[in-house]
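Peer 1: Next up is a structure, given as structure tokens.
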Amino acid sequence: MKKMKRVVLVVLDGAGAGWQHDADKYGDVGANTLGHVIEQMHPDIPNLTELGLLKTIGMHPADEDEPFGCYGTMLERAAGKDTTTGHWELAGLTLDKPFPTYPNGFPEDLIAAFEQETGMGVIGNKVASGTAIIEELGPKHIQTGKLIVYTSADSVFQIAAHEAIVPPTELWHICRIARRLLKGEHNVGRVIARPFIGNPGSFTRTGNRRDFSVDPVGKTLLDVLKGDGMDVLGVGKIEDIFNHRGLTQSNHAAGNEACTDAMVDFMKKDGWRGLLFANLVDTDMLYGHRNDVAGFARALEDFDRRLPEIMRLLGDDGMLIVTADHGCDPAYPTTDHTRERVPLLAWGLGLEEGVNLGERKTFADVSATILEALGSRQKLDGTSFYSEIALS
């Protein structure tokens, strides 16, 4: 089989393809992120449709041509529905034990230790929507200087602060302190800085968000490829999710447009060989969590318009994989992530067209496929589907 020189892996954050068999354990039966968005808004996504996106959710019109992309879905094997767990499994590292969550807020002794280490008080300490809690507690934060600490259904310790009260660089330092404290039984997946600006009634979160993830607990696709001497290029919050490990270059662009621009810039550079790994966060952060179905649809349309440019830059020895890390259904009665299977789309000039990849048992099949496509002899979790799609 012909080997590839480069693979571009794009994660449409939160773009789930329908609740999976164990969704009842998470309260997510009925969630279907892409299905609900497409059914309600009918976005104009011809390129994603040709790659097979509608096939993955059973909505491809019978009177339209079959996709030329290879398509399927994947189940998340690890327990959880958070960003870190999903991305790590895509990278061949499947967690046996989920990260801890805090539906009743963090323990008092942990908050006390955090206040002592930072020298700052805390307000909040509960499960909340990020936009709702800054509207609720932002005025008190401005008056008192106390940090807004909150969590969600995910394993996250989030710290919100107004940039005029706590500058972003100081907030990032505070997050590093929290990351140091959150060990052992409190080893949360991510500590997240949530800076905002504005006045009461019109607060706005800024692009100075930073995620401070736990270090991967085992070898990932990024580690392997870097060890093989290949380029591993991260775009968006990939560097945060993997705690900067396994990357040779990174562009911490914020927002889908900037991230897509960063992808294109990397792809235009001559001579690189390996993996370009990008996370497009807007579908999750701006629209899924805010129950904005129309916004989610627009984000799909925006990415769809950029797809031809990305596909042209692949050349005849590149492979594109588009997938997601979990669901975040904006039409579902929650603002949390949802336990869903994810779409799997693969395309390249050196690949077969229209192959149905079925329902894969784990996200880690992506990692196994990329390793085989790039000619690495090392093995991680998952089963490669490269032999099913590669031209002989």
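Just so we're on the same page: first chain in the structure tokens is A, next is B, and so on; residues restart at 1 for each chain, and ligands are numbered from 1 in the order they show up.
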Quick one: residues within 12 Å of A:Gly27, only C-alpha atoms counted, chain neighbours fewer than 4 positions away excluded, as a list in words?
Peer 2: Trp19, Gln20, His21, Asp22, Ala23, Ala31, Gly80, Lys81, Ala153, Tyr332, Pro333, Thr334, Asp336, His337, Thr338, Arg339 and Glu340 of chain A
Peer 1: Could you find all residues in stretch 276-329 of chain A that DSSP calls strand (DSSP E) from the backbone, and write them as a PDB file with C-alpha atoms, in the first residue's frame?
Peer 2:
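Written out: states05.pdb:
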ATOM      1  CA  LEU A 276      -1.252  18.452  11.450  1.00  0.00           C
ATOM      2  CA  PHE A 277      -3.731  18.218  14.345  1.00  0.00           C
ATOM      3  CA  ALA A 278      -6.326  20.999  14.681  1.00  0.00           C
ATOM      4  CA  ASN A 279      -9.221  21.647  17.032  1.00  0.00           C
ATOM      5  CA  LEU A 280     -12.021  23.944  15.842  1.00  0.00           C
ATOM      6  CA  GLY A 318      -1.924  13.530   1.977  1.00  0.00           C
ATOM      7  CA  MET A 319      -4.957  12.335   3.930  1.00  0.00           C
ATOM      8  CA  LEU A 320      -7.667  14.403   5.599  1.00  0.00           C
ATOM      9  CA  ILE A 321      -9.604  13.054   8.588  1.00  0.00           C
ATOM     10  CA  VAL A 322     -12.521  15.028  10.050  1.00  0.00           C
ATOM     11  CA  THR A 323     -14.095  13.904  13.300  1.00  0.00           C
TER      12      THR A 323
END
Peer 1: If we count only C-alpha atoms and set the cut-off at 8 Å, which residues sit around stretch 211-214 of chain A, ignoring sequence neighbours fewer than 5 positions away in its own chain? Please answer as a list in words.
Peer 2: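 Residues near the query, excluding close chain neighbours: Thr84, Cys175, Arg176, Arg179, Asn187, Val188, Gly189, Arg190, Val191, Ile192, Ala193, Lys237, Asp240, Ile241, Phe242 and Asn243 of chain A.
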Peer 1: For the selection just defined, write its residues with N, CA, C and O atoms to a file, as a short mmCIF file (atom, residue, chain, number, x, y, z; two decimals), in the first residue's frame.
Peer 2:
data_model
loop_
_atom_site.label_atom_id
_atom_site.label_comp_id
_atom_site.auth_asym_id
_atom_site.auth_seq_id
_atom_site.Cartn_x
_atom_site.Cartn_y
_atom_site.Cartn_z
N THR A 84 -10.59 16.35 27.01
CA THR A 84 -9.31 15.65 27.19
C THR A 84 -9.46 14.16 26.91
O THR A 84 -8.67 13.57 26.15
N CYS A 175 -3.94 29.77 37.53
CA CYS A 175 -4.35 28.45 37.04
C CYS A 175 -3.23 27.43 37.21
O CYS A 175 -3.49 26.25 37.49
N ARG A 176 -2.01 27.85 37.03
CA ARG A 176 -0.88 26.93 37.24
C ARG A 176 -0.79 26.51 38.70
O ARG A 176 -0.45 25.35 39.00
N ARG A 179 -3.47 23.96 39.11
CA ARG A 179 -3.05 22.71 38.48
C ARG A 179 -2.11 21.94 39.41
O ARG A 179 -2.18 20.71 39.49
N ASN A 187 -7.35 14.98 40.66
CA ASN A 187 -6.58 15.18 39.42
C ASN A 187 -7.54 15.44 38.25
O ASN A 187 -7.76 14.59 37.38
N VAL A 188 -8.12 16.63 38.20
CA VAL A 188 -9.11 16.96 37.17
C VAL A 188 -8.45 17.02 35.80
O VAL A 188 -7.24 17.23 35.67
N GLY A 189 -9.27 16.83 34.77
CA GLY A 189 -8.74 16.82 33.42
C GLY A 189 -8.13 18.14 33.01
O GLY A 189 -7.05 18.18 32.40
N ARG A 190 -8.82 19.25 33.36
CA ARG A 190 -8.33 20.56 32.93
C ARG A 190 -8.62 21.64 33.97
O ARG A 190 -9.68 21.63 34.59
N VAL A 191 -7.68 22.54 34.12
CA VAL A 191 -7.91 23.82 34.79
C VAL A 191 -8.01 24.85 33.66
O VAL A 191 -7.15 24.89 32.78
N ILE A 192 -9.06 25.65 33.68
CA ILE A 192 -9.31 26.56 32.55
C ILE A 192 -9.40 28.00 33.03
O ILE A 192 -10.18 28.32 33.93
N ALA A 193 -8.59 28.86 32.43
CA ALA A 193 -8.68 30.30 32.66
C ALA A 193 -9.77 30.88 31.79
O ALA A 193 -9.78 30.68 30.57
N LYS A 237 -6.33 24.64 20.56
CA LYS A 237 -6.05 24.21 21.93
C LYS A 237 -5.42 22.81 22.01
O LYS A 237 -5.35 22.24 23.10
N ASP A 240 -2.74 22.70 24.56
CA ASP A 240 -3.24 22.65 25.93
C ASP A 240 -3.70 21.25 26.30
O ASP A 240 -3.41 20.75 27.40
N ILE A 241 -4.43 20.60 25.40
CA ILE A 241 -5.01 19.29 25.69
C ILE A 241 -3.93 18.25 25.97
O ILE A 241 -4.10 17.37 26.81
N PHE A 242 -2.80 18.36 25.27
CA PHE A 242 -1.71 17.41 25.45
C PHE A 242 -0.58 17.99 26.30
O PHE A 242 0.51 17.44 26.34
N ASN A 243 -0.89 19.10 26.96
CA ASN A 243 0.08 19.73 27.86
C ASN A 243 1.42 19.98 27.18
O ASN A 243 2.48 19.77 27.74
#
Peer 1: Suppose you want the space between atom CA of A:Ala91 and atom CA of A:Val355; what is it in Å?
Peer 2: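 It comes out at 22.6 Å.
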Peer 1: Point out the residue among A:Ala390, A:Met59, A:Val366, A:Leu374 with the least atom-to-atom distance to A:Leu351, counting only C-alpha atoms.
Peer 2: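 For A:Leu351, the nearest of the candidates is A:Ala390.
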Peer 1: Within 12 Å of A:Asp13, counting only C-alpha atoms, which residues qualify if same-chain residues fewer than 4 places away don't, as a ChimeraX atom specification?
Peer 2: /A:17,33-34,81-84,86-87,236-238,255-256,278-289,296,299-300,322-329,337-338,342-343
Peer 1: Let me make sure I understand: among A:Leu233, A:Ala161, A:Val156, A:Leu344, which one has the smallest atom-to-atom distance to A:Thr369 if we use only C-alpha atoms?
Peer 2: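 For A:Thr369, the nearest of the candidates is A:Leu344.
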Peer 1: Neighbouring residues of A:Gly375 were defined as those with any atom within 10 Å, considering only C-alpha atoms; residues of the same chain fewer than 2 positions away were excluded. Please report them as a list of chain:residue names.
Peer 2: A:Lys2, A:Lys3, A:Met4, A:Lys5, A:Leu225, A:Asp228, A:Gly274, A:Thr369, A:Ile370, A:Leu371, A:Glu372, A:Ala373, A:Arg377, A:Gln378
